Amino acid sequence: MSSYRQLGRTGLKVSEVSLGTMAFGRWISEQASAEVLDAALDSGINLIDTADVYGKGSDLGNPDSTGESEVILGHLLKERRHRIILATKVHGRVGSEVNDAGQSRYHIFRAVENSLRRLKTDYIDLYQVHRFDPNTPLEETLRALDDLVRQGKVRYIGASNYAAWQLAKAHGISNQLNLHRFESVQPEYSLISREIEQELIPFVQSEKVGVIVYSPLGRGILAGKYRAGEAPPEGSRLAAGEKRLQQLLEKRHSLTLPEALKALAEQRGLTLAQYSLAWVLSRPGITSAILGASKPEHITEAAKKWHERLTQEEQDEVDAIAANLQAPRDPVHF
């Protein structure tokens, strides 16, 4: 069963492993989604993460075909709504009109009503801006989100894919104008994507901001799903041509690191995926790790060992292996 951690400085307790629903209605059916959701709730997960753009439109390039994930969750939650912390996001294009995207007051107010309707709920526990919007003043976005909290339609607000300076600027505005602030941030983080350690993690630790990370298994790379010289498994994200996964695979150690970590995982009696998740949950500042499951066994297998944590000595060993794999192999000539 999952354990729980407080979300930043708030009194809200969220499961240290959470469920990501990007696959719902996009890659898997409603029935398959129901099986994944049941497995998550049975394992003690209480944080369910979605977004208004999750759906087939993401792959078809059709902004009018979005929201399937929210619709399916609305069908499946029903009497179980009170058991979960429901998180969704706003920013991406959800229609063909000029104002059907971004973080203007106009779009946020329309988007939240559409999300509430699809989710069949009166409130959203955690409403997150999906990424930074350089075209809308932060003050406008934060005032709109503050109004939603005061209206009771949103309980907490958060930011996804924000840099440390962007979060700091938002906090400064919220403090100056006495607005509700971003209480969480949702960045990508895994053994092969560690950029947030430089500035974001130190900042959120200082400011007591919750950190809900996505892709802790590197979109399946750290589960050993992909191997050099082999075709991707049928039905996988790589087979579907997911761009971010292709970018991760371009990193020098993306395929060699999982192979190098196998022995360490076996020493602990863990699978590679379980070991990679344990590493994320052992790192400072992390509140919860999102598992983007498309099969119930993705949840049940992880649940067997997600109480495991790596010692500092083990983490240092991982760092040494990663550093060696990333080191230049050819001499540099000037």
# chains A, B, ... in the order shown; residues from 1 in each chain; ligands from 1

$ residues_around --residues "segment 8-21 of chain A" --least-positions-apart "3" --cutoff "7 Å" --atoms "only C-alpha atoms" --output "PyMOL selection string"
chain A and resi 2-5+24+40+45-50+69+183-184+208-210+287-293

$ residues_around --residues "segment 273-278 of chain A" --least-positions-apart "3" --cutoff "12 Å" --atoms "only C-alpha atoms" --output "number ranges by chain"
A: 16-18, 189-193, 213-225, 257-259, 261-270, 281-283, 286, 288-291, 298-311, 314-315, 318

$ closest_residue --among "A:Leu138, A:Met22, A:Ala320, A:Ile212" --to "Val280 of chain A" --atoms "only C-alpha atoms"
A:Ile212

$ closest_residue --among "A:His91, A:Arg105, A:Arg118, A:Lys56" --to "Gly74 of chain A" --atoms "only C-alpha atoms"
A:Arg118

$ residues_around --residues "segment 155-170 of chain A" --least-positions-apart "5" --cutoff "7 Å" --atoms "only C-alpha atoms" --output "PyMOL selection string"
chain A and resi 124-132+138+149+181-187+199-200+203

$ write_last_selection --atoms "N, CA and C atoms" --output "CSV table (one decimal), in the first residue's frame"
chain,number,residue,atom,x,y,z
A,124,ILE,N,-12.3,20.9,-8.3
A,124,ILE,CA,-11.0,20.2,-8.7
A,124,ILE,C,-10.1,20.5,-7.5
A,125,ASP,N,-9.5,19.4,-7.1
A,125,ASP,CA,-8.6,19.5,-5.9
A,125,ASP,C,-7.3,20.3,-6.2
A,126,LEU,N,-6.7,20.0,-7.3
A,126,LEU,CA,-5.5,20.6,-7.7
A,126,LEU,C,-5.6,21.0,-9.2
A,127,TYR,N,-5.7,22.3,-9.4
A,127,TYR,CA,-5.8,22.9,-10.8
A,127,TYR,C,-4.4,23.5,-11.1
A,128,GLN,N,-3.8,22.9,-12.2
A,128,GLN,CA,-2.4,23.2,-12.6
A,128,GLN,C,-2.4,23.9,-13.9
A,129,VAL,N,-1.5,24.9,-14.1
A,129,VAL,CA,-1.2,25.5,-15.4
A,129,VAL,C,-0.2,24.5,-16.0
A,130,HIS,N,-0.4,24.1,-17.2
A,130,HIS,CA,0.3,23.0,-17.8
A,130,HIS,C,1.8,23.4,-18.2
A,131,ARG,N,2.0,24.7,-18.5
A,131,ARG,CA,3.4,25.2,-18.7
A,131,ARG,C,3.3,26.7,-18.7
A,132,PHE,N,4.5,27.3,-18.7
A,132,PHE,CA,4.5,28.7,-18.6
A,132,PHE,C,4.0,29.4,-19.9
A,138,LEU,N,1.5,37.1,-15.8
A,138,LEU,CA,1.3,36.2,-14.6
A,138,LEU,C,0.2,36.7,-13.7
A,149,VAL,N,-10.4,29.6,-6.7
A,149,VAL,CA,-10.2,29.0,-5.3
A,149,VAL,C,-11.3,29.7,-4.4
A,181,ARG,N,-1.1,31.0,-3.9
A,181,ARG,CA,0.1,30.8,-4.6
A,181,ARG,C,0.1,29.3,-5.2
A,182,PHE,N,1.0,29.1,-6.1
A,182,PHE,CA,1.2,27.7,-6.6
A,182,PHE,C,1.8,26.9,-5.4
A,183,GLU,N,1.0,25.9,-5.0
A,183,GLU,CA,1.5,25.0,-3.9
A,183,GLU,C,2.2,23.8,-4.3
A,184,SER,N,2.3,23.6,-5.6
A,184,SER,CA,3.0,22.4,-6.2
A,184,SER,C,3.5,22.7,-7.5
A,185,VAL,N,4.5,21.9,-7.9
A,185,VAL,CA,5.0,22.0,-9.3
A,185,VAL,C,5.2,20.6,-9.8
A,186,GLN,N,5.0,20.4,-11.1
A,186,GLN,CA,5.0,19.1,-11.7
A,186,GLN,C,6.0,19.1,-12.9
A,187,PRO,N,7.2,18.7,-12.5
A,187,PRO,CA,8.3,18.6,-13.6
A,187,PRO,C,8.5,17.1,-14.0
A,199,GLU,N,18.3,23.8,-10.1
A,199,GLU,CA,17.7,25.0,-9.5
A,199,GLU,C,16.3,24.8,-8.9
A,200,LEU,N,15.5,24.0,-9.6
A,200,LEU,CA,14.1,23.8,-9.1
A,200,LEU,C,14.0,23.2,-7.7
A,203,PHE,N,15.0,25.4,-4.9
A,203,PHE,CA,14.0,26.4,-4.6
A,203,PHE,C,12.8,25.9,-3.9

$ select_by_dssp --residues "segment 36-180 of chain A" --states "alpha helix (DSSP H)" --output "JSON, numbers by chain"
{"A": [36, 37, 38, 39, 40, 41, 42, 57, 58, 59, 60, 68, 69, 70, 71, 72, 73, 74, 75, 76, 77, 105, 106, 107, 108, 109, 110, 111, 112, 113, 114, 115, 116, 117, 118, 119, 138, 139, 140, 141, 142, 143, 144, 145, 146, 147, 148, 149, 150, 151, 164, 165, 166, 167, 168, 169, 170, 171, 172, 173, 174, 175, 176, 177]}

$ atom_distance --atom1 "atom CA of Ser174 of chain A" --atom2 "atom CA of Leu119 of chain A"
28.2 Å

$ closest_residue --among "A:Gly152, A:Gly25, A:Gly172, A:Gly92" --to "Asp133 of chain A" --atoms "only C-alpha atoms"
A:Gly92

$ select_by_dssp --residues "segment 21-173 of chain A" --states "strand (DSSP E)" --output "ChimeraX atom specification"
/A:47-49,85-90,124-129,154-160

$ write_last_selection --atoms "N, CA and C atoms" --output "PDB file, in the first residue's frame"
ATOM      1  N   LEU A  47      -4.023  10.187  -5.425  1.00  0.00           N
ATOM      2  CA  LEU A  47      -3.818  11.322  -6.319  1.00  0.00           C
ATOM      3  C   LEU A  47      -3.920  10.852  -7.765  1.00  0.00           C
ATOM      4  N   ILE A  48      -4.909  11.378  -8.483  1.00  0.00           N
ATOM      5  CA  ILE A  48      -5.141  11.038  -9.886  1.00  0.00           C
ATOM      6  C   ILE A  48      -4.916  12.280 -10.723  1.00  0.00           C
ATOM      7  N   ASP A  49      -3.996  12.185 -11.686  1.00  0.00           N
ATOM      8  CA  ASP A  49      -3.589  13.340 -12.484  1.00  0.00           C
ATOM      9  C   ASP A  49      -4.052  13.206 -13.931  1.00  0.00           C
ATOM     10  N   ILE A  85      -7.764  12.652  -4.620  1.00  0.00           N
ATOM     11  CA  ILE A  85      -7.332  14.018  -4.885  1.00  0.00           C
ATOM     12  C   ILE A  85      -7.234  14.123  -6.406  1.00  0.00           C
ATOM     13  N   LEU A  86      -8.119  14.889  -6.997  1.00  0.00           N
ATOM     14  CA  LEU A  86      -8.227  14.973  -8.453  1.00  0.00           C
ATOM     15  C   LEU A  86      -7.487  16.203  -8.972  1.00  0.00           C
ATOM     16  N   ALA A  87      -6.521  15.948  -9.842  1.00  0.00           N
ATOM     17  CA  ALA A  87      -5.713  17.033 -10.411  1.00  0.00           C
ATOM     18  C   ALA A  87      -5.899  17.071 -11.921  1.00  0.00           C
ATOM     19  N   THR A  88      -6.099  18.267 -12.462  1.00  0.00           N
ATOM     20  CA  THR A  88      -6.139  18.430 -13.912  1.00  0.00           C
ATOM     21  C   THR A  88      -5.400  19.716 -14.269  1.00  0.00           C
ATOM     22  N   LYS A  89      -5.305  19.991 -15.572  1.00  0.00           N
ATOM     23  CA  LYS A  89      -4.457  21.098 -16.027  1.00  0.00           C
ATOM     24  C   LYS A  89      -5.158  21.930 -17.101  1.00  0.00           C
ATOM     25  N   VAL A  90      -4.658  23.151 -17.249  1.00  0.00           N
ATOM     26  CA  VAL A  90      -5.158  24.075 -18.259  1.00  0.00           C
ATOM     27  C   VAL A  90      -3.979  24.734 -18.956  1.00  0.00           C
ATOM     28  N   ILE A 124     -12.326  20.865  -8.333  1.00  0.00           N
ATOM     29  CA  ILE A 124     -11.050  20.241  -8.694  1.00  0.00           C
ATOM     30  C   ILE A 124     -10.106  20.452  -7.517  1.00  0.00           C
ATOM     31  N   ASP A 125      -9.495  19.390  -7.055  1.00  0.00           N
ATOM     32  CA  ASP A 125      -8.623  19.501  -5.885  1.00  0.00           C
ATOM     33  C   ASP A 125      -7.341  20.263  -6.187  1.00  0.00           C
ATOM     34  N   LEU A 126      -6.731  19.977  -7.323  1.00  0.00           N
ATOM     35  CA  LEU A 126      -5.475  20.637  -7.698  1.00  0.00           C
ATOM     36  C   LEU A 126      -5.563  21.044  -9.164  1.00  0.00           C
ATOM     37  N   TYR A 127      -5.651  22.349  -9.404  1.00  0.00           N
ATOM     38  CA  TYR A 127      -5.765  22.874 -10.774  1.00  0.00           C
ATOM     39  C   TYR A 127      -4.411  23.457 -11.149  1.00  0.00           C
ATOM     40  N   GLN A 128      -3.813  22.914 -12.217  1.00  0.00           N
ATOM     41  CA  GLN A 128      -2.445  23.247 -12.577  1.00  0.00           C
ATOM     42  C   GLN A 128      -2.363  23.905 -13.947  1.00  0.00           C
ATOM     43  N   VAL A 129      -1.546  24.945 -14.057  1.00  0.00           N
ATOM     44  CA  VAL A 129      -1.227  25.465 -15.385  1.00  0.00           C
ATOM     45  C   VAL A 129      -0.206  24.499 -15.987  1.00  0.00           C
ATOM     46  N   VAL A 154     -12.020  25.301  -7.152  1.00  0.00           N
ATOM     47  CA  VAL A 154     -10.666  24.758  -7.091  1.00  0.00           C
ATOM     48  C   VAL A 154     -10.199  24.837  -5.645  1.00  0.00           C
ATOM     49  N   ARG A 155      -9.518  23.775  -5.175  1.00  0.00           N
ATOM     50  CA  ARG A 155      -9.027  23.764  -3.794  1.00  0.00           C
ATOM     51  C   ARG A 155      -7.597  24.324  -3.686  1.00  0.00           C
ATOM     52  N   TYR A 156      -6.714  23.862  -4.569  1.00  0.00           N
ATOM     53  CA  TYR A 156      -5.315  24.301  -4.587  1.00  0.00           C
ATOM     54  C   TYR A 156      -4.910  24.532  -6.037  1.00  0.00           C
ATOM     55  N   ILE A 157      -3.868  25.346  -6.217  1.00  0.00           N
ATOM     56  CA  ILE A 157      -3.362  25.574  -7.576  1.00  0.00           C
ATOM     57  C   ILE A 157      -1.894  25.166  -7.643  1.00  0.00           C
ATOM     58  N   GLY A 158      -1.480  24.737  -8.830  1.00  0.00           N
ATOM     59  CA  GLY A 158      -0.106  24.298  -9.041  1.00  0.00           C
ATOM     60  C   GLY A 158       0.353  24.643 -10.441  1.00  0.00           C
ATOM     61  N   ALA A 159       1.638  24.421 -10.682  1.00  0.00           N
ATOM     62  CA  ALA A 159       2.231  24.694 -11.992  1.00  0.00           C
ATOM     63  C   ALA A 159       2.950  23.452 -12.484  1.00  0.00           C
ATOM     64  N   SER A 160       2.891  23.215 -13.756  1.00  0.00           N
ATOM     65  CA  SER A 160       3.589  22.092 -14.368  1.00  0.00           C
ATOM     66  C   SER A 160       4.618  22.629 -15.357  1.00  0.00           C
TER      67      SER A 160
END

$ decode --residues "segment 254-265 of chain A" --atoms "N, CA and C atoms" --output "compact mmCIF listing (two decimals), in the first residue's frame"
# COMPACT_ATOMS: atom_id res chain seq x y z
N SER A 254 20.97 6.91 -22.30
CA SER A 254 19.57 6.52 -22.12
C SER A 254 19.34 5.01 -22.17
N LEU A 255 20.10 4.30 -22.99
CA LEU A 255 19.94 2.85 -23.08
C LEU A 255 21.03 2.09 -22.33
N THR A 256 22.18 2.71 -22.15
CA THR A 256 23.26 2.02 -21.43
C THR A 256 23.06 2.06 -19.92
N LEU A 257 22.46 3.13 -19.40
CA LEU A 257 22.25 3.23 -17.96
C LEU A 257 21.32 2.14 -17.43
N PRO A 258 20.17 1.89 -18.06
CA PRO A 258 19.32 0.80 -17.56
C PRO A 258 20.05 -0.54 -17.51
N GLU A 259 20.86 -0.83 -18.52
CA GLU A 259 21.61 -2.08 -18.53
C GLU A 259 22.60 -2.12 -17.36
N ALA A 260 23.24 -0.99 -17.10
CA ALA A 260 24.22 -0.94 -16.03
C ALA A 260 23.59 -1.05 -14.64
N LEU A 261 22.33 -0.65 -14.51
CA LEU A 261 21.66 -0.66 -13.21
C LEU A 261 21.00 -2.00 -12.88
N LYS A 262 20.91 -2.85 -13.86
CA LYS A 262 20.22 -4.14 -13.64
C LYS A 262 20.82 -4.92 -12.48
N ALA A 263 22.14 -4.97 -12.41
CA ALA A 263 22.80 -5.74 -11.34
C ALA A 263 22.47 -5.16 -9.97
N LEU A 264 22.44 -3.82 -9.88
CA LEU A 264 22.11 -3.18 -8.61
C LEU A 264 20.67 -3.50 -8.19
N ALA A 265 19.77 -3.49 -9.18
CA ALA A 265 18.38 -3.81 -8.89
C ALA A 265 18.24 -5.25 -8.40
